[in-house]
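Source file: protein.cif; contents: mmCIF, N, CA and C atoms.
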```cif
data_work
#
loop_
_atom_site.label_atom_id
_atom_site.label_comp_id
_atom_site.auth_asym_id
_atom_site.auth_seq_id
_atom_site.Cartn_x
_atom_site.Cartn_y
_atom_site.Cartn_z
N MET A 70 -18.87 3.07 -2.54
CA MET A 70 -19.95 2.91 -1.60
C MET A 70 -19.45 2.10 -0.41
N THR A 71 -19.70 2.61 0.79
CA THR A 71 -19.33 1.93 2.01
C THR A 71 -20.46 1.00 2.44
N VAL A 72 -20.15 -0.23 2.79
CA VAL A 72 -21.14 -1.20 3.24
C VAL A 72 -20.93 -1.44 4.72
N GLU A 73 -21.96 -1.17 5.53
CA GLU A 73 -21.85 -1.34 6.98
C GLU A 73 -22.16 -2.77 7.39
N GLN A 74 -21.37 -3.27 8.32
CA GLN A 74 -21.60 -4.58 8.92
C GLN A 74 -21.24 -4.47 10.39
N GLY A 75 -22.13 -3.84 11.18
CA GLY A 75 -21.84 -3.62 12.59
C GLY A 75 -20.68 -2.67 12.75
N PRO A 76 -19.70 -3.01 13.59
CA PRO A 76 -18.56 -2.11 13.79
C PRO A 76 -17.53 -2.16 12.67
N VAL A 77 -17.77 -2.98 11.63
CA VAL A 77 -16.86 -3.08 10.50
C VAL A 77 -17.61 -2.62 9.25
N LYS A 78 -16.97 -1.73 8.48
CA LYS A 78 -17.56 -1.24 7.24
C LYS A 78 -16.62 -1.59 6.09
N VAL A 79 -17.17 -2.12 5.03
CA VAL A 79 -16.40 -2.38 3.82
C VAL A 79 -16.32 -1.07 3.05
N LEU A 80 -15.11 -0.65 2.70
CA LEU A 80 -14.91 0.62 2.01
C LEU A 80 -15.17 0.49 0.52
N GLY A 81 -15.71 1.56 -0.04
CA GLY A 81 -15.81 1.66 -1.48
C GLY A 81 -14.46 2.00 -2.08
N HIS A 82 -14.36 1.82 -3.39
CA HIS A 82 -13.09 2.04 -4.09
C HIS A 82 -12.54 3.45 -3.88
N GLU A 83 -13.38 4.45 -4.05
CA GLU A 83 -12.93 5.84 -3.94
C GLU A 83 -12.48 6.18 -2.51
N GLU A 84 -13.25 5.74 -1.53
CA GLU A 84 -12.88 6.01 -0.14
C GLU A 84 -11.57 5.31 0.22
N ALA A 85 -11.37 4.09 -0.28
CA ALA A 85 -10.11 3.37 -0.02
C ALA A 85 -8.93 4.18 -0.57
N TRP A 86 -9.05 4.71 -1.79
CA TRP A 86 -7.97 5.50 -2.38
C TRP A 86 -7.77 6.81 -1.62
N ASP A 87 -8.85 7.44 -1.20
CA ASP A 87 -8.73 8.68 -0.42
C ASP A 87 -7.96 8.43 0.88
N LEU A 88 -8.28 7.32 1.55
CA LEU A 88 -7.59 7.01 2.80
C LEU A 88 -6.12 6.69 2.55
N MET A 89 -5.83 5.91 1.51
CA MET A 89 -4.41 5.62 1.21
C MET A 89 -3.65 6.91 0.90
N SER A 90 -4.31 7.83 0.24
CA SER A 90 -3.65 9.10 -0.11
C SER A 90 -3.37 9.97 1.11
N SER A 91 -4.01 9.65 2.23
CA SER A 91 -3.85 10.47 3.43
C SER A 91 -2.67 10.03 4.31
N VAL A 92 -2.03 8.92 3.96
CA VAL A 92 -0.89 8.43 4.75
C VAL A 92 0.31 8.24 3.83
N SER A 93 1.48 8.04 4.43
CA SER A 93 2.68 7.90 3.61
C SER A 93 3.51 6.67 3.96
N LEU A 94 3.03 5.84 4.88
CA LEU A 94 3.76 4.62 5.24
C LEU A 94 2.87 3.41 5.01
N GLY A 95 3.41 2.43 4.32
CA GLY A 95 2.68 1.19 4.07
C GLY A 95 3.64 0.02 4.14
N ARG A 96 3.11 -1.17 3.83
CA ARG A 96 3.91 -2.37 3.86
C ARG A 96 3.78 -3.10 2.53
N LEU A 97 4.91 -3.44 1.95
CA LEU A 97 5.00 -4.19 0.71
C LEU A 97 5.24 -5.65 1.05
N VAL A 98 4.43 -6.55 0.48
CA VAL A 98 4.60 -7.98 0.70
C VAL A 98 4.96 -8.61 -0.64
N THR A 99 6.09 -9.34 -0.66
CA THR A 99 6.54 -10.04 -1.86
C THR A 99 6.84 -11.48 -1.50
N SER A 100 7.14 -12.27 -2.51
CA SER A 100 7.49 -13.67 -2.30
C SER A 100 8.61 -14.06 -3.26
N VAL A 101 9.64 -14.67 -2.71
CA VAL A 101 10.74 -15.18 -3.52
C VAL A 101 11.06 -16.58 -3.03
N SER A 102 11.10 -17.54 -3.94
CA SER A 102 11.41 -18.94 -3.59
C SER A 102 10.52 -19.43 -2.46
N ASN A 103 9.23 -19.17 -2.55
CA ASN A 103 8.25 -19.58 -1.54
C ASN A 103 8.49 -18.99 -0.16
N GLN A 104 9.26 -17.93 -0.09
CA GLN A 104 9.52 -17.24 1.17
C GLN A 104 8.86 -15.86 1.11
N LEU A 105 7.93 -15.58 2.03
CA LEU A 105 7.29 -14.28 2.07
C LEU A 105 8.22 -13.26 2.70
N GLU A 106 8.20 -12.05 2.16
CA GLU A 106 8.98 -10.93 2.69
C GLU A 106 8.05 -9.75 2.85
N ILE A 107 8.24 -8.96 3.90
CA ILE A 107 7.45 -7.75 4.11
C ILE A 107 8.39 -6.60 4.42
N PHE A 108 8.11 -5.45 3.79
CA PHE A 108 8.98 -4.29 3.90
C PHE A 108 8.14 -3.04 4.18
N PRO A 109 8.48 -2.28 5.21
CA PRO A 109 7.83 -0.97 5.36
C PRO A 109 8.40 -0.01 4.32
N VAL A 110 7.53 0.74 3.66
CA VAL A 110 7.98 1.70 2.66
C VAL A 110 7.16 2.98 2.77
N ASN A 111 7.82 4.11 2.54
CA ASN A 111 7.05 5.33 2.37
C ASN A 111 6.66 5.41 0.91
N PHE A 112 5.46 5.92 0.64
CA PHE A 112 4.89 5.85 -0.69
C PHE A 112 4.00 7.05 -0.95
N VAL A 113 3.60 7.20 -2.20
CA VAL A 113 2.56 8.15 -2.59
C VAL A 113 1.62 7.43 -3.56
N THR A 114 0.41 7.97 -3.65
CA THR A 114 -0.50 7.52 -4.70
C THR A 114 -0.32 8.48 -5.87
N GLN A 115 -0.37 7.92 -7.08
CA GLN A 115 -0.19 8.75 -8.27
C GLN A 115 -0.95 8.11 -9.43
N ASN A 116 -1.93 8.83 -9.92
CA ASN A 116 -2.69 8.37 -11.10
C ASN A 116 -3.24 6.95 -10.95
N GLY A 117 -3.84 6.66 -9.81
CA GLY A 117 -4.43 5.34 -9.60
C GLY A 117 -3.43 4.22 -9.37
N THR A 118 -2.18 4.58 -9.03
CA THR A 118 -1.14 3.59 -8.72
C THR A 118 -0.46 3.99 -7.42
N LEU A 119 0.39 3.10 -6.93
CA LEU A 119 1.23 3.39 -5.77
C LEU A 119 2.67 3.49 -6.24
N LEU A 120 3.42 4.41 -5.66
CA LEU A 120 4.79 4.65 -6.07
C LEU A 120 5.67 4.68 -4.83
N PHE A 121 6.79 3.93 -4.88
CA PHE A 121 7.78 4.02 -3.81
C PHE A 121 9.17 3.97 -4.41
N ARG A 122 10.15 4.36 -3.61
CA ARG A 122 11.55 4.34 -4.03
C ARG A 122 12.30 3.31 -3.20
N THR A 123 13.35 2.76 -3.80
CA THR A 123 14.14 1.78 -3.08
C THR A 123 15.58 1.79 -3.59
N ALA A 124 16.45 1.24 -2.77
CA ALA A 124 17.86 1.06 -3.16
C ALA A 124 18.04 -0.37 -3.65
N GLU A 125 19.24 -0.67 -4.11
CA GLU A 125 19.56 -2.05 -4.47
C GLU A 125 19.44 -2.90 -3.21
N GLY A 126 18.96 -4.12 -3.33
CA GLY A 126 18.87 -5.00 -2.17
C GLY A 126 17.68 -5.93 -2.28
N THR A 127 17.30 -6.52 -1.15
CA THR A 127 16.27 -7.56 -1.12
C THR A 127 14.93 -7.07 -1.64
N LYS A 128 14.53 -5.87 -1.26
CA LYS A 128 13.24 -5.34 -1.70
C LYS A 128 13.19 -5.24 -3.22
N LEU A 129 14.23 -4.69 -3.80
CA LEU A 129 14.28 -4.54 -5.25
C LEU A 129 14.39 -5.92 -5.92
N PHE A 130 15.25 -6.78 -5.40
CA PHE A 130 15.43 -8.11 -5.97
C PHE A 130 14.12 -8.90 -5.94
N SER A 131 13.40 -8.87 -4.81
CA SER A 131 12.17 -9.65 -4.72
C SER A 131 11.09 -9.10 -5.65
N THR A 132 11.11 -7.80 -5.91
CA THR A 132 10.16 -7.21 -6.85
C THR A 132 10.48 -7.64 -8.27
N VAL A 133 11.75 -7.70 -8.61
CA VAL A 133 12.16 -8.15 -9.95
C VAL A 133 11.83 -9.63 -10.14
N MET A 134 12.07 -10.43 -9.13
CA MET A 134 11.87 -11.88 -9.24
C MET A 134 10.40 -12.28 -9.25
N ASN A 135 9.55 -11.50 -8.59
CA ASN A 135 8.14 -11.84 -8.49
C ASN A 135 7.35 -10.54 -8.48
N ASP A 136 6.81 -10.15 -9.61
CA ASP A 136 6.18 -8.85 -9.71
C ASP A 136 4.79 -8.79 -9.08
N ARG A 137 4.21 -9.93 -8.69
CA ARG A 137 2.91 -9.95 -8.01
C ARG A 137 3.14 -9.60 -6.55
N VAL A 138 2.46 -8.55 -6.07
CA VAL A 138 2.69 -8.07 -4.72
C VAL A 138 1.36 -7.77 -4.03
N LEU A 139 1.46 -7.67 -2.72
CA LEU A 139 0.41 -7.11 -1.88
C LEU A 139 0.98 -5.85 -1.26
N PHE A 140 0.12 -4.86 -1.05
CA PHE A 140 0.52 -3.64 -0.38
C PHE A 140 -0.58 -3.29 0.60
N GLU A 141 -0.20 -2.93 1.82
CA GLU A 141 -1.18 -2.60 2.84
C GLU A 141 -0.83 -1.27 3.46
N ALA A 142 -1.84 -0.43 3.64
CA ALA A 142 -1.70 0.84 4.36
C ALA A 142 -2.84 0.92 5.37
N ASP A 143 -2.60 1.55 6.50
CA ASP A 143 -3.64 1.68 7.51
C ASP A 143 -3.37 2.89 8.39
N ASP A 144 -4.33 3.18 9.23
CA ASP A 144 -4.17 4.27 10.20
C ASP A 144 -5.28 4.10 11.24
N HIS A 145 -5.16 4.83 12.34
CA HIS A 145 -6.18 4.75 13.38
C HIS A 145 -6.19 6.02 14.22
N THR A 146 -7.31 6.21 14.90
CA THR A 146 -7.46 7.23 15.92
C THR A 146 -7.85 6.50 17.20
N VAL A 147 -8.25 7.23 18.22
CA VAL A 147 -8.68 6.58 19.46
C VAL A 147 -9.94 5.76 19.23
N GLY A 148 -10.84 6.23 18.36
CA GLY A 148 -12.14 5.58 18.20
C GLY A 148 -12.31 4.68 17.00
N GLU A 149 -11.42 4.77 16.02
CA GLU A 149 -11.60 3.94 14.83
C GLU A 149 -10.29 3.71 14.11
N GLY A 150 -10.30 2.78 13.18
CA GLY A 150 -9.14 2.49 12.36
C GLY A 150 -9.59 2.05 10.99
N TRP A 151 -8.64 1.98 10.09
CA TRP A 151 -8.95 1.49 8.74
C TRP A 151 -7.73 0.77 8.18
N SER A 152 -8.00 -0.08 7.19
CA SER A 152 -6.94 -0.81 6.52
C SER A 152 -7.34 -0.99 5.07
N VAL A 153 -6.39 -0.75 4.16
CA VAL A 153 -6.62 -0.95 2.72
C VAL A 153 -5.53 -1.87 2.20
N ILE A 154 -5.94 -2.86 1.41
CA ILE A 154 -5.00 -3.81 0.80
C ILE A 154 -5.11 -3.71 -0.71
N VAL A 155 -3.96 -3.62 -1.35
CA VAL A 155 -3.88 -3.58 -2.81
C VAL A 155 -3.18 -4.84 -3.27
N ARG A 156 -3.80 -5.54 -4.19
CA ARG A 156 -3.18 -6.68 -4.88
C ARG A 156 -2.86 -6.18 -6.27
N GLY A 157 -1.60 -6.38 -6.69
CA GLY A 157 -1.27 -5.86 -8.00
C GLY A 157 0.07 -6.31 -8.52
N THR A 158 0.52 -5.56 -9.51
CA THR A 158 1.77 -5.86 -10.19
C THR A 158 2.75 -4.72 -9.94
N ALA A 159 3.95 -5.07 -9.51
CA ALA A 159 5.01 -4.08 -9.27
C ALA A 159 5.98 -4.10 -10.44
N ARG A 160 6.39 -2.90 -10.82
CA ARG A 160 7.32 -2.79 -11.95
C ARG A 160 8.31 -1.67 -11.67
N ILE A 161 9.59 -1.96 -11.92
CA ILE A 161 10.63 -0.95 -11.77
C ILE A 161 10.55 -0.02 -12.97
N LEU A 162 10.57 1.27 -12.71
CA LEU A 162 10.46 2.26 -13.79
C LEU A 162 11.83 2.45 -14.43
N THR A 163 11.85 2.48 -15.76
CA THR A 163 13.14 2.57 -16.45
C THR A 163 13.19 3.64 -17.52
N THR A 164 12.08 3.98 -18.15
CA THR A 164 12.15 4.94 -19.26
C THR A 164 12.24 6.36 -18.73
N ALA A 165 12.77 7.24 -19.53
CA ALA A 165 12.90 8.65 -19.15
C ALA A 165 11.54 9.25 -18.83
N GLU A 166 10.53 8.90 -19.61
CA GLU A 166 9.18 9.44 -19.38
C GLU A 166 8.62 8.96 -18.04
N GLU A 167 8.79 7.66 -17.74
CA GLU A 167 8.32 7.11 -16.47
C GLU A 167 9.03 7.76 -15.29
N LEU A 168 10.34 7.92 -15.40
CA LEU A 168 11.12 8.52 -14.32
C LEU A 168 10.76 9.99 -14.12
N HIS A 169 10.53 10.70 -15.21
CA HIS A 169 10.12 12.11 -15.11
C HIS A 169 8.77 12.22 -14.40
N ASP A 170 7.82 11.35 -14.77
CA ASP A 170 6.51 11.33 -14.13
C ASP A 170 6.65 11.02 -12.64
N ALA A 171 7.49 10.05 -12.30
CA ALA A 171 7.70 9.68 -10.90
C ALA A 171 8.36 10.82 -10.12
N ASP A 172 9.31 11.51 -10.72
CA ASP A 172 9.97 12.64 -10.05
C ASP A 172 8.97 13.73 -9.66
N ARG A 173 7.93 13.89 -10.47
CA ARG A 173 6.91 14.92 -10.17
C ARG A 173 6.15 14.63 -8.89
N ALA A 174 6.17 13.40 -8.43
CA ALA A 174 5.46 13.03 -7.20
C ALA A 174 6.15 13.57 -5.95
N GLN A 175 7.42 14.03 -6.09
CA GLN A 175 8.17 14.58 -4.96
C GLN A 175 8.26 13.59 -3.79
N LEU A 176 8.49 12.33 -4.10
CA LEU A 176 8.63 11.28 -3.10
C LEU A 176 10.06 11.25 -2.62
N MET A 177 10.29 11.64 -1.39
CA MET A 177 11.63 11.70 -0.83
C MET A 177 11.87 10.54 0.13
N PRO A 178 13.08 9.96 0.13
CA PRO A 178 13.39 8.89 1.09
C PRO A 178 13.32 9.41 2.52
N TRP A 179 12.87 8.57 3.42
CA TRP A 179 12.83 8.93 4.84
C TRP A 179 14.19 8.76 5.49
N VAL A 180 14.94 7.78 5.03
CA VAL A 180 16.24 7.47 5.60
C VAL A 180 17.30 8.08 4.69
N ALA A 181 18.36 8.60 5.29
CA ALA A 181 19.41 9.28 4.52
C ALA A 181 20.26 8.27 3.76
N THR A 182 19.62 7.65 2.76
CA THR A 182 20.31 6.72 1.87
C THR A 182 19.90 7.03 0.45
N GLU A 183 20.71 6.59 -0.50
CA GLU A 183 20.37 6.77 -1.91
C GLU A 183 19.37 5.71 -2.33
N LYS A 184 18.24 6.16 -2.78
CA LYS A 184 17.20 5.26 -3.28
C LYS A 184 16.90 5.69 -4.70
N LEU A 185 17.64 5.11 -5.63
CA LEU A 185 17.61 5.56 -7.01
C LEU A 185 16.54 4.87 -7.86
N ARG A 186 15.94 3.82 -7.36
CA ARG A 186 14.96 3.06 -8.15
C ARG A 186 13.54 3.41 -7.72
N TYR A 187 12.70 3.68 -8.70
CA TYR A 187 11.27 3.85 -8.47
C TYR A 187 10.57 2.55 -8.82
N VAL A 188 9.59 2.18 -8.00
CA VAL A 188 8.75 1.03 -8.27
C VAL A 188 7.29 1.50 -8.25
N ARG A 189 6.55 1.11 -9.28
CA ARG A 189 5.14 1.47 -9.37
C ARG A 189 4.31 0.20 -9.25
N ILE A 190 3.31 0.25 -8.38
CA ILE A 190 2.37 -0.87 -8.22
C ILE A 190 1.08 -0.48 -8.93
N THR A 191 0.72 -1.29 -9.90
CA THR A 191 -0.55 -1.11 -10.62
C THR A 191 -1.54 -2.10 -10.03
N PRO A 192 -2.63 -1.60 -9.45
CA PRO A 192 -3.57 -2.48 -8.76
C PRO A 192 -4.41 -3.34 -9.70
N ASP A 193 -4.66 -4.57 -9.27
CA ASP A 193 -5.66 -5.43 -9.88
C ASP A 193 -6.92 -5.42 -9.02
N GLU A 194 -6.70 -5.25 -7.71
CA GLU A 194 -7.80 -5.28 -6.75
C GLU A 194 -7.45 -4.39 -5.57
N VAL A 195 -8.43 -3.63 -5.10
CA VAL A 195 -8.28 -2.78 -3.92
C VAL A 195 -9.43 -3.10 -2.99
N SER A 196 -9.13 -3.42 -1.74
CA SER A 196 -10.19 -3.68 -0.76
C SER A 196 -9.82 -3.00 0.55
N GLY A 197 -10.83 -2.62 1.30
CA GLY A 197 -10.55 -1.94 2.55
C GLY A 197 -11.68 -2.08 3.54
N ARG A 198 -11.35 -1.83 4.78
CA ARG A 198 -12.31 -1.90 5.88
C ARG A 198 -12.05 -0.72 6.83
N ARG A 199 -13.13 -0.25 7.44
CA ARG A 199 -13.06 0.74 8.52
C ARG A 199 -13.63 0.06 9.76
N PHE A 200 -12.97 0.25 10.89
CA PHE A 200 -13.34 -0.43 12.13
C PHE A 200 -13.69 0.60 13.20
N GLN A 201 -14.83 0.44 13.85
CA GLN A 201 -15.19 1.24 15.01
C GLN A 201 -14.73 0.49 16.25
N PHE A 202 -13.87 1.12 17.05
CA PHE A 202 -13.37 0.47 18.25
C PHE A 202 -14.41 0.54 19.36
N GLY A 203 -14.39 -0.42 20.24
CA GLY A 203 -15.31 -0.43 21.36
C GLY A 203 -15.13 -1.69 22.17
N PRO A 204 -15.88 -1.77 23.25
CA PRO A 204 -15.76 -2.96 24.10
C PRO A 204 -16.31 -4.19 23.40
N GLU A 205 -15.79 -5.33 23.80
CA GLU A 205 -16.28 -6.60 23.27
C GLU A 205 -17.74 -6.78 23.72
N PRO A 206 -18.64 -7.18 22.82
CA PRO A 206 -20.03 -7.37 23.22
C PRO A 206 -20.20 -8.60 24.10
N GLN A 207 -21.32 -8.65 24.80
CA GLN A 207 -21.64 -9.83 25.59
C GLN A 207 -21.68 -11.05 24.67
N HIS A 208 -21.20 -12.16 25.12
CA HIS A 208 -21.22 -13.41 24.34
C HIS A 208 -22.64 -13.71 23.89
N GLY A 209 -22.82 -13.92 22.58
CA GLY A 209 -24.12 -14.28 22.04
C GLY A 209 -25.01 -13.11 21.69
N SER A 210 -24.57 -11.86 21.94
CA SER A 210 -25.46 -10.71 21.68
C SER A 210 -25.36 -10.22 20.23
N ILE A 211 -24.28 -10.58 19.51
CA ILE A 211 -24.16 -10.18 18.12
C ILE A 211 -24.01 -11.44 17.29
N PRO A 212 -24.93 -11.63 16.31
CA PRO A 212 -24.80 -12.83 15.48
C PRO A 212 -23.48 -12.88 14.73
N GLY A 213 -22.89 -14.06 14.62
CA GLY A 213 -21.60 -14.23 13.99
C GLY A 213 -21.72 -14.60 12.58
#
```
Please express the file's structure as structure tokens.
Amino acid sequence: MTVEQGPVKVLGHEEAWDLMSSVSLGRLVTSVSNQLEIFPVNFVTQNGTLLFRTAEGTKLFSTVMNDRVLFEADDHTVGEGWSVIVRGTARILTTAEELHDADRAQLMPWVATEKLRYVRITPDEVSGRRFQFGPEPQHGSIPG
């Protein structure tokens, strides 16, 4: 259920997932040693989770060291935009069954590099907003 609040609408769970499924680029936020890291990743939604591929390096290391992550996806047109944030747990897939399931998603790397590791984010919380763009209102005309 979408909740309207002027030019900002709170998205319902299903609409948030539908919007995330309509794009393929998002941002992964992790933390290692009290240092925040953010990575752009191409992804897919699969069975109520998010799936991305990665190579060895900081992204993979930070996921192993701290499995609690944030993930954000968004998009916009001339007249409106939306943003969905997922709070959840990231896990590197290792079993043959998990890897076979991930392969079925047909998630291909955007950059011509080997990305042999799949990471699945299982959400604990999904929240989203839709924004109607427009001119700033006169000061005092919209209650804050």
Original post:
Just how far from atom N of Leu88 (chain A) is atom N of Arg173 (chain A), in Å to one decimal?
Top reply: 21.2 Å
Original post:
the PyMOL selection byres ((chain A and resi 124) around 5) on the file shown: which residues, as a PyMOL selection string?
Top reply: chain A and resi 122-123+125-126+183-185
Original post:
Which residues match the PyMOL selection byres ((chain A and resi 98) around 5) in the file above, as a ChimeraX atom specification?
Top reply: /A:96-97,99-100,106-107,138-140
Original post:
Residues of chain A in strand (DSSP E or B) according to DSSP, as a ChimeraX atom specification?
Top reply: /A:72-74,77-79,94-101,104-115,118-123,137-145,149-161,186-201
Subject >> Interatomic distance, atom N of Leu94 (chain A) to atom N of Ser152 (chain A) (Å, one decimal) >> reply: 12.7 Å
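You will find CA of Asn135 (chain A) at 16.4 Å from CA of Arg186 (chain A).
Closest approach to Thr164 (chain A) from the set A:Tyr187, A:Gln115, A:Lys78, A:Glu194 is made by A:Tyr187, with distances taken over only C-alpha atoms.
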**OP:** With a distance cut-off of 8 Å and only C-alpha atoms, select the neighbouring residues of region 111-114 of chain A, excluding the residue or stretch itself and same-chain residues fewer than 2 positions from it, and output the selection as a list in words.
**Re:** Met89, Ser90, Ser93, Leu94, Gly95, Pro109, Asn116, Gly117, Thr118, Leu119, Leu120, Phe121, Arg122, Ala174, Leu176, Pro178 and Trp179 of chain A
Original post:
Nearest to Trp151 (chain A) among A:Arg198, A:Arg137, A:His82, A:His169, with distances taken over only N, CA and C atoms: which residue is it?
Top reply: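 Closest candidate: A:Arg198.
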Subject >> Neighbours of point (-15.9, -4.8, 2.0) within 6.5 Å, using all atoms listed in the file, written as number ranges by chain >> reply: A: 72, 78-80, 196-198
Taking the DSSP assignment computed from this structure's backbone, write out as an mmCIF file with N, CA and C atoms, keeping the file's coordinate frame all residues of chain A that belong to helix (DSSP H, G or I).
```
data_model
loop_
_atom_site.group_PDB
_atom_site.id
_atom_site.type_symbol
_atom_site.label_atom_id
_atom_site.label_comp_id
_atom_site.auth_asym_id
_atom_site.auth_seq_id
_atom_site.Cartn_x
_atom_site.Cartn_y
_atom_site.Cartn_z
ATOM 1 N N HIS A 82 -14.360 1.820 -3.390
ATOM 2 C CA HIS A 82 -13.090 2.040 -4.090
ATOM 3 C C HIS A 82 -12.540 3.450 -3.880
ATOM 4 N N GLU A 83 -13.380 4.450 -4.050
ATOM 5 C CA GLU A 83 -12.930 5.840 -3.940
ATOM 6 C C GLU A 83 -12.480 6.180 -2.510
ATOM 7 N N GLU A 84 -13.250 5.740 -1.530
ATOM 8 C CA GLU A 84 -12.880 6.010 -0.140
ATOM 9 C C GLU A 84 -11.570 5.310 0.220
ATOM 10 N N ALA A 85 -11.370 4.090 -0.280
ATOM 11 C CA ALA A 85 -10.110 3.370 -0.020
ATOM 12 C C ALA A 85 -8.930 4.180 -0.570
ATOM 13 N N TRP A 86 -9.050 4.710 -1.790
ATOM 14 C CA TRP A 86 -7.970 5.500 -2.380
ATOM 15 C C TRP A 86 -7.770 6.810 -1.620
ATOM 16 N N ASP A 87 -8.850 7.440 -1.200
ATOM 17 C CA ASP A 87 -8.730 8.680 -0.420
ATOM 18 C C ASP A 87 -7.960 8.430 0.880
ATOM 19 N N LEU A 88 -8.280 7.320 1.550
ATOM 20 C CA LEU A 88 -7.590 7.010 2.800
ATOM 21 C C LEU A 88 -6.120 6.690 2.550
ATOM 22 N N MET A 89 -5.830 5.910 1.510
ATOM 23 C CA MET A 89 -4.410 5.620 1.210
ATOM 24 C C MET A 89 -3.650 6.910 0.900
ATOM 25 N N SER A 90 -4.310 7.830 0.240
ATOM 26 C CA SER A 90 -3.650 9.100 -0.110
ATOM 27 C C SER A 90 -3.370 9.970 1.110
ATOM 28 N N THR A 127 17.300 -6.520 -1.150
ATOM 29 C CA THR A 127 16.270 -7.560 -1.120
ATOM 30 C C THR A 127 14.930 -7.070 -1.640
ATOM 31 N N LYS A 128 14.530 -5.870 -1.260
ATOM 32 C CA LYS A 128 13.240 -5.340 -1.700
ATOM 33 C C LYS A 128 13.190 -5.240 -3.220
ATOM 34 N N LEU A 129 14.230 -4.690 -3.800
ATOM 35 C CA LEU A 129 14.280 -4.540 -5.250
ATOM 36 C C LEU A 129 14.390 -5.920 -5.920
ATOM 37 N N PHE A 130 15.250 -6.780 -5.400
ATOM 38 C CA PHE A 130 15.430 -8.110 -5.970
ATOM 39 C C PHE A 130 14.120 -8.900 -5.940
ATOM 40 N N SER A 131 13.400 -8.870 -4.810
ATOM 41 C CA SER A 131 12.170 -9.650 -4.720
ATOM 42 C C SER A 131 11.090 -9.100 -5.650
ATOM 43 N N THR A 132 11.110 -7.800 -5.910
ATOM 44 C CA THR A 132 10.160 -7.210 -6.850
ATOM 45 C C THR A 132 10.480 -7.640 -8.270
ATOM 46 N N VAL A 133 11.750 -7.700 -8.610
ATOM 47 C CA VAL A 133 12.160 -8.150 -9.950
ATOM 48 C C VAL A 133 11.830 -9.630 -10.140
ATOM 49 N N MET A 134 12.070 -10.430 -9.130
ATOM 50 C CA MET A 134 11.870 -11.880 -9.240
ATOM 51 C C MET A 134 10.400 -12.280 -9.250
ATOM 52 N N ALA A 165 12.770 7.240 -19.530
ATOM 53 C CA ALA A 165 12.900 8.650 -19.150
ATOM 54 C C ALA A 165 11.540 9.250 -18.830
ATOM 55 N N GLU A 166 10.530 8.900 -19.610
ATOM 56 C CA GLU A 166 9.180 9.440 -19.380
ATOM 57 C C GLU A 166 8.620 8.960 -18.040
ATOM 58 N N GLU A 167 8.790 7.660 -17.740
ATOM 59 C CA GLU A 167 8.320 7.110 -16.470
ATOM 60 C C GLU A 167 9.030 7.760 -15.290
ATOM 61 N N LEU A 168 10.340 7.920 -15.400
ATOM 62 C CA LEU A 168 11.120 8.520 -14.320
ATOM 63 C C LEU A 168 10.760 9.990 -14.120
ATOM 64 N N HIS A 169 10.530 10.700 -15.210
ATOM 65 C CA HIS A 169 10.120 12.110 -15.110
ATOM 66 C C HIS A 169 8.770 12.220 -14.400
ATOM 67 N N ASP A 170 7.820 11.350 -14.770
ATOM 68 C CA ASP A 170 6.510 11.330 -14.130
ATOM 69 C C ASP A 170 6.650 11.020 -12.640
ATOM 70 N N ALA A 171 7.490 10.050 -12.300
ATOM 71 C CA ALA A 171 7.700 9.680 -10.900
ATOM 72 C C ALA A 171 8.360 10.820 -10.120
ATOM 73 N N ASP A 172 9.310 11.510 -10.720
ATOM 74 C CA ASP A 172 9.970 12.640 -10.050
ATOM 75 C C ASP A 172 8.970 13.730 -9.660
#
```
Place a sphere of radius 9 Å on (-2.6, -2.2, -13.8) in the file coordinates and name every protein, DNA or RNA residue with an atom inside or on its surface, counting only C-alpha atoms; give the answer as a short mmCIF file (atom, residue, chain, number, x, y, z; two decimals) with N, CA and C atoms, in the coordinates of the input.
```
data_model
loop_
_atom_site.label_atom_id
_atom_site.label_comp_id
_atom_site.auth_asym_id
_atom_site.auth_seq_id
_atom_site.Cartn_x
_atom_site.Cartn_y
_atom_site.Cartn_z
N GLY A 117 -3.84 6.66 -9.81
CA GLY A 117 -4.43 5.34 -9.60
C GLY A 117 -3.43 4.22 -9.37
N THR A 118 -2.18 4.58 -9.03
CA THR A 118 -1.14 3.59 -8.72
C THR A 118 -0.46 3.99 -7.42
N GLY A 157 -1.60 -6.38 -6.69
CA GLY A 157 -1.27 -5.86 -8.00
C GLY A 157 0.07 -6.31 -8.52
N THR A 158 0.52 -5.56 -9.51
CA THR A 158 1.77 -5.86 -10.19
C THR A 158 2.75 -4.72 -9.94
N ILE A 190 3.31 0.25 -8.38
CA ILE A 190 2.37 -0.87 -8.22
C ILE A 190 1.08 -0.48 -8.93
N THR A 191 0.72 -1.29 -9.90
CA THR A 191 -0.55 -1.11 -10.62
C THR A 191 -1.54 -2.10 -10.03
N PRO A 192 -2.63 -1.60 -9.45
CA PRO A 192 -3.57 -2.48 -8.76
C PRO A 192 -4.41 -3.34 -9.70
N ASP A 193 -4.66 -4.57 -9.27
CA ASP A 193 -5.66 -5.43 -9.88
C ASP A 193 -6.92 -5.42 -9.02
#
```
Original post:
A:Gly148, A:Ser91, A:Arg189, A:Glu83: which is nearest Gln201 (chain A), counting only N, CA and C atoms?
Top reply: A:Gly148
**OP:** Determine the nearest neighbour of Val147 (chain A) from the options A:His208, A:Pro76, A:Phe202, A:Trp86, counting only C-alpha atoms.
**Re:**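 Residue with the minimum atom-to-atom distance to Val147 (chain A): A:Phe202.
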**OP:** Select, from A:Val188, A:Val101, A:Val77, A:Val92, the residue with the minimum atom-to-atom distance to Leu168 (chain A), counting only C-alpha atoms.
**Re:** A:Val188
